[in-house]
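J.: Okay, here's the structure, questions in a sec.
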Amino acid sequence: MRGFRAALARAASRSRAELQTAQRRHPSDLAHRLSHSGASPASLSFGIAFDIDGVILRGRSPIGGSPQAIRRLYSEDGSLKIPFLFLTNGGGVPEHKRALELSELLGVHISPSQVVHGHSPYRELVNRFEDDLIIAVGKGEPAAVMTDYGFRKVLSIDEYSSYFRDIDPLAPFKKWIVQKADHKVHPSYDVFEERVKGVFVLSDPVDWGRDLQVLCDILSTGGLPGSGRGDQPPLYFASDDLEYQAAFPSERLGMGAFRIALESIFNQVNDHQLKYISYGKPNPFVFKNAANILEKLAMSIYPCLLQTKELKDQHLSTIYMIGDNPKVDINGALKAGPPWLSVLTRTGVFRGKDNDPHFPADLVVDTVEDAINCILEKECIQ
Ligand SMILES: [Mg+2]
């Protein structure tokens, strides 16, 4: 591992200009090494996971040379050459929609299987909540995402709240609400009798004040606002990011901040502690799931390898996590352990000169383009 890190560090020490000069000088050599790597069993040896916010995009704008960096992972005919995926704690829209959006922004074809959101693991819970009423919280289309996963009785917190008159005493003062959601006059389910059996936070809540109130109601009463106290229904968070890098120059409060607010308030108004489960990076489960997806991708890129028995069970020997948040991306890769290696960029949450003191990455670079240059250089040398 030490030699591996040293090789990465050596590659990183080369400036981007040097790499570009080398490519100009020996284009066929580099192309040969890449294509050789792409055609041999060695091509299965590595995969890449990209964080999105602060690495690939800021808001909706590509950053750090991300379009050209990602394009290097494709062959000239547009087919995928290197297995990679996006591993983000963000979400709020179905994976197929996010794949389409990323394809447009980056100018390559991204398949839905290459998008892993913080809430993607919720699909594994469909059987448990098959016929139960559940509430989906967050910006975007949280209810559509859960329905897409196979949950049958889903209401967004917007719709659910709208059926309970006066549940949000501040609603009349919210003059900024210019567009009312298109809610049915009558709910699809008997929300005044049927208890909510699960609450799923998929993305950053929009109306914190109302959501804190309504969630405290649901979670304190056993799933029926306005009724007496009852057992807390299960509560899930898609991630626990305290802050994230969006379009504003400094970080914004994320889902982890909302979780802290909800937990503090719930614990004050109840005589027991809030129970919850958080997914998303740095949870090692997320990295294991991503590794499985990358291995399947590798097999789909090189189907002939499936016929080779020894390679059937082969795992990727290296998976690079490229992220901007030491606490989330780098910590996650560290916790996951081999085959994960971490690359920290300076385009988002992290802006330090050296490495992060608490969660040091295997490699620190300025941009995602630098990261890809180093990785490809390193993999081609081998
Ligand atoms: Mg990020």
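The chains in the structure tokens are called A, B, ... from first to last as shown; in each chain the residues are counted from 1, and the ligands are counted from 1 in the order shown.
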Using the chain letters and numbers from this document, which residues of range 183-254 of chain A does DSSP assign to alpha helix (DSSP H), as a list in words?
T.: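 In range 183-254 of chain A, DSSP puts these residues in alpha helix (DSSP H): Trp208, Gly209, Arg210, Asp211, Leu212, Gln213, Val214, Leu215, Cys216, Asp217, Ile218, Leu219 and Ser220 of chain A.
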J.: Restrict the calculation to only C-alpha atoms and all ligand atoms, then for each residue of chain A with any atom at most 10 Å from an atom of ligand 1 give the closest atom pair and their distance in Å to one decimal, rows by chain and rising residue number, as JSON lines.
T.:
```
{"residue": "A:Phe50", "atom": "CA", "partner": "ligand 1", "partner_atom_place_in_ligand_line": "1 (Mg)", "distance": 9.1}
{"residue": "A:Asp51", "atom": "CA", "partner": "ligand 1", "partner_atom_place_in_ligand_line": "1 (Mg)", "distance": 5.5}
{"residue": "A:Ile52", "atom": "CA", "partner": "ligand 1", "partner_atom_place_in_ligand_line": "1 (Mg)", "distance": 5.8}
{"residue": "A:Asp53", "atom": "CA", "partner": "ligand 1", "partner_atom_place_in_ligand_line": "1 (Mg)", "distance": 4.2}
{"residue": "A:Gly54", "atom": "CA", "partner": "ligand 1", "partner_atom_place_in_ligand_line": "1 (Mg)", "distance": 4.6}
{"residue": "A:Val55", "atom": "CA", "partner": "ligand 1", "partner_atom_place_in_ligand_line": "1 (Mg)", "distance": 6.2}
{"residue": "A:Ile56", "atom": "CA", "partner": "ligand 1", "partner_atom_place_in_ligand_line": "1 (Mg)", "distance": 8.6}
{"residue": "A:Leu57", "atom": "CA", "partner": "ligand 1", "partner_atom_place_in_ligand_line": "1 (Mg)", "distance": 8.9}
{"residue": "A:Arg58", "atom": "CA", "partner": "ligand 1", "partner_atom_place_in_ligand_line": "1 (Mg)", "distance": 9.1}
{"residue": "A:Leu87", "atom": "CA", "partner": "ligand 1", "partner_atom_place_in_ligand_line": "1 (Mg)", "distance": 9.6}
{"residue": "A:Thr88", "atom": "CA", "partner": "ligand 1", "partner_atom_place_in_ligand_line": "1 (Mg)", "distance": 7.3}
{"residue": "A:Asn89", "atom": "CA", "partner": "ligand 1", "partner_atom_place_in_ligand_line": "1 (Mg)", "distance": 8.0}
{"residue": "A:Gly90", "atom": "CA", "partner": "ligand 1", "partner_atom_place_in_ligand_line": "1 (Mg)", "distance": 8.8}
{"residue": "A:Asp241", "atom": "CA", "partner": "ligand 1", "partner_atom_place_in_ligand_line": "1 (Mg)", "distance": 9.3}
{"residue": "A:Glu243", "atom": "CA", "partner": "ligand 1", "partner_atom_place_in_ligand_line": "1 (Mg)", "distance": 9.1}
{"residue": "A:Tyr244", "atom": "CA", "partner": "ligand 1", "partner_atom_place_in_ligand_line": "1 (Mg)", "distance": 6.0}
{"residue": "A:Gln245", "atom": "CA", "partner": "ligand 1", "partner_atom_place_in_ligand_line": "1 (Mg)", "distance": 6.3}
{"residue": "A:Ala246", "atom": "CA", "partner": "ligand 1", "partner_atom_place_in_ligand_line": "1 (Mg)", "distance": 8.7}
{"residue": "A:Ile322", "atom": "CA", "partner": "ligand 1", "partner_atom_place_in_ligand_line": "1 (Mg)", "distance": 9.3}
{"residue": "A:Gly323", "atom": "CA", "partner": "ligand 1", "partner_atom_place_in_ligand_line": "1 (Mg)", "distance": 5.9}
{"residue": "A:Asp324", "atom": "CA", "partner": "ligand 1", "partner_atom_place_in_ligand_line": "1 (Mg)", "distance": 5.1}
{"residue": "A:Asn325", "atom": "CA", "partner": "ligand 1", "partner_atom_place_in_ligand_line": "1 (Mg)", "distance": 5.5}
{"residue": "A:Pro326", "atom": "CA", "partner": "ligand 1", "partner_atom_place_in_ligand_line": "1 (Mg)", "distance": 9.2}
{"residue": "A:Val328", "atom": "CA", "partner": "ligand 1", "partner_atom_place_in_ligand_line": "1 (Mg)", "distance": 8.1}
{"residue": "A:Asp329", "atom": "CA", "partner": "ligand 1", "partner_atom_place_in_ligand_line": "1 (Mg)", "distance": 7.5}
{"residue": "A:Thr345", "atom": "CA", "partner": "ligand 1", "partner_atom_place_in_ligand_line": "1 (Mg)", "distance": 9.6}
{"residue": "A:Thr347", "atom": "CA", "partner": "ligand 1", "partner_atom_place_in_ligand_line": "1 (Mg)", "distance": 9.1}
{"residue": "A:Gly348", "atom": "CA", "partner": "ligand 1", "partner_atom_place_in_ligand_line": "1 (Mg)", "distance": 6.5}
{"residue": "A:Val349", "atom": "CA", "partner": "ligand 1", "partner_atom_place_in_ligand_line": "1 (Mg)", "distance": 6.9}
{"residue": "A:Phe350", "atom": "CA", "partner": "ligand 1", "partner_atom_place_in_ligand_line": "1 (Mg)", "distance": 9.3}
```
J.: Write out the residues from the selection above, keeping C-alpha atoms, as a compact mmCIF listing (two decimals), in the first residue's frame.
T.:
```txt
# COMPACT_ATOMS: atom_id res chain seq x y z
CA PHE A 50 -16.95 10.44 -7.94
CA ASP A 51 -18.64 12.69 -5.48
CA ILE A 52 -20.74 15.27 -7.36
CA ASP A 53 -21.20 18.50 -5.37
CA GLY A 54 -17.90 20.37 -5.04
CA VAL A 55 -16.07 17.92 -7.33
CA ILE A 56 -18.00 17.60 -10.61
CA LEU A 57 -20.51 20.41 -10.20
CA ARG A 58 -21.16 23.51 -8.16
CA LEU A 87 -21.50 8.31 -5.33
CA THR A 88 -23.32 11.27 -3.87
CA ASN A 89 -25.15 11.98 -0.65
CA GLY A 90 -27.43 14.22 -2.67
CA ASP A 241 -23.80 15.77 5.92
CA GLU A 243 -22.50 21.02 5.41
CA TYR A 244 -21.99 20.80 1.67
CA GLN A 245 -20.63 23.02 -1.09
CA ALA A 246 -23.33 24.49 -3.32
CA ILE A 322 -12.66 11.28 -5.51
CA GLY A 323 -14.29 13.78 -3.14
CA ASP A 324 -14.10 17.28 -1.70
CA ASN A 325 -15.30 16.58 1.84
CA PRO A 326 -12.72 14.95 4.16
CA VAL A 328 -17.62 12.33 4.32
CA ASP A 329 -15.71 11.18 1.22
CA THR A 345 -9.86 17.86 -4.42
CA THR A 347 -12.79 22.57 -5.38
CA GLY A 348 -15.36 22.24 -2.60
CA VAL A 349 -15.47 21.89 1.19
CA PHE A 350 -11.71 21.28 1.46
```
J.: Using only C-alpha atoms, which protein or nucleic acid residues come within 9 Å of Val115 in chain A? Drop anything in the same chain fewer than 6 positions from it, and give the result as a PDB file with N, CA and C atoms, in the first residue's frame.
T.:
```
ATOM      1  N   LEU A  85     -18.674   5.419 -11.305  1.00  0.00           N
ATOM      2  CA  LEU A  85     -20.030   5.830 -10.933  1.00  0.00           C
ATOM      3  C   LEU A  85     -19.977   7.114 -10.108  1.00  0.00           C
ATOM      4  N   PHE A  86     -21.132   7.697  -9.924  1.00  0.00           N
ATOM      5  CA  PHE A  86     -21.260   8.876  -9.064  1.00  0.00           C
ATOM      6  C   PHE A  86     -21.830   8.425  -7.734  1.00  0.00           C
ATOM      7  N   LEU A  87     -21.095   8.716  -6.674  1.00  0.00           N
ATOM      8  CA  LEU A  87     -21.502   8.307  -5.332  1.00  0.00           C
ATOM      9  C   LEU A  87     -21.737   9.574  -4.528  1.00  0.00           C
ATOM     10  N   THR A  88     -22.996   9.976  -4.481  1.00  0.00           N
ATOM     11  CA  THR A  88     -23.316  11.266  -3.871  1.00  0.00           C
ATOM     12  C   THR A  88     -24.281  11.095  -2.712  1.00  0.00           C
ATOM     13  N   GLU A  95     -32.991   8.156  -9.929  1.00  0.00           N
ATOM     14  CA  GLU A  95     -31.644   7.996 -10.477  1.00  0.00           C
ATOM     15  C   GLU A  95     -31.620   8.174 -11.997  1.00  0.00           C
ATOM     16  N   HIS A  96     -32.680   7.715 -12.678  1.00  0.00           N
ATOM     17  CA  HIS A  96     -32.676   7.835 -14.148  1.00  0.00           C
ATOM     18  C   HIS A  96     -32.735   9.304 -14.579  1.00  0.00           C
ATOM     19  N   ARG A  98     -31.488  11.864 -12.789  1.00  0.00           N
ATOM     20  CA  ARG A  98     -30.178  12.442 -12.467  1.00  0.00           C
ATOM     21  C   ARG A  98     -29.154  12.025 -13.534  1.00  0.00           C
ATOM     22  N   ALA A  99     -29.260  10.780 -14.004  1.00  0.00           N
ATOM     23  CA  ALA A  99     -28.338  10.291 -15.036  1.00  0.00           C
ATOM     24  C   ALA A  99     -28.493  11.117 -16.310  1.00  0.00           C
TER      25      ALA A  99
END
```
J.: Considering only C-alpha atoms, state which residue in the set A:Tyr302, A:Tyr160, A:Tyr320, A:Phe285 is at the smallest distance from Pro339 in chain A.
T.: A:Tyr320
J.: Distance CA of Tyr236 in chain A-CA of His119 in chain A, one decimal place?
T.: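 CA of His119 in chain A lies at a distance of 9.2 Å from CA of Tyr236 in chain A.
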J.: With only C-alpha atoms as the counted atoms, please give the residues lying no more than 6 Å from range 144-155 of chain A, apart from itself and same-chain residues fewer than 3 positions off, as an MDAnalysis selection string.
T.: chainID A and resid 93:94 123 126 130 133:135 141 160
J.: As a VMD selection string, please: all residues of range 172-270 of chain A that backbone DSSP puts in strand (DSSP E or B).
T.: chain A and resid 198 to 201 221 230 235 to 237 243 to 244 252 to 253
J.: Do a neighbour search on His186 in chain A at 12 Å with only C-alpha atoms, toss out local chain neighbours closer than 6 positions, and write the hits as a PyMOL selection string.
T.: chain A and resi 159-160+162-164+192
J.: Taking C-alpha atoms for each residue, export the selection above as a PDB file, in the first residue's frame.
T.:
```pdb
ATOM      1  CA  GLU A 159     -49.084  16.738   0.592  1.00  0.00           C
ATOM      2  CA  TYR A 160     -49.448  15.054   3.979  1.00  0.00           C
ATOM      3  CA  SER A 162     -51.760  19.999   3.587  1.00  0.00           C
ATOM      4  CA  TYR A 163     -54.515  17.665   4.837  1.00  0.00           C
ATOM      5  CA  PHE A 164     -54.101  18.691   8.495  1.00  0.00           C
ATOM      6  CA  PHE A 192     -56.820  10.803   9.751  1.00  0.00           C
TER       7      PHE A 192
END
```
J.: What's the 12 Å shell around Pro205 in chain A, counting only C-alpha atoms, without same-chain residues fewer than 2 positions away, as a VMD selection string?
T.: chain A and resid 90 to 92 136 to 142 156 to 158 200 to 203 207 to 212 215 237 to 238 253 to 259 261 to 262
J.: Which value, in Å to one decimal, gives the distance between CA of Val191 in chain A and CA of Ser278 in chain A?
T.: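 Interatomic distance here is 26.2 Å.
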J.: Go through A:Val108, A:Ile330, A:Ile319, A:Ala247 one by one, measure the shortest atom-to-atom distance of each to Gly59 in chain A using only C-alpha atoms, and give the residue with the smallest value.
T.: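 Of all the options, A:Ala247 lies closest to Gly59 in chain A.
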J.: Counting only C-alpha atoms, which residue out of A:Thr367, A:Gln273, A:Ser66, A:Asn292 sits closest to Ser113 in chain A?
T.: A:Asn292
J.: Mind pulling up the distance from CA of Lys281 in chain A to CA of Glu104 in chain A?
T.: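 That distance, rounded to one decimal, is 25.5 Å.
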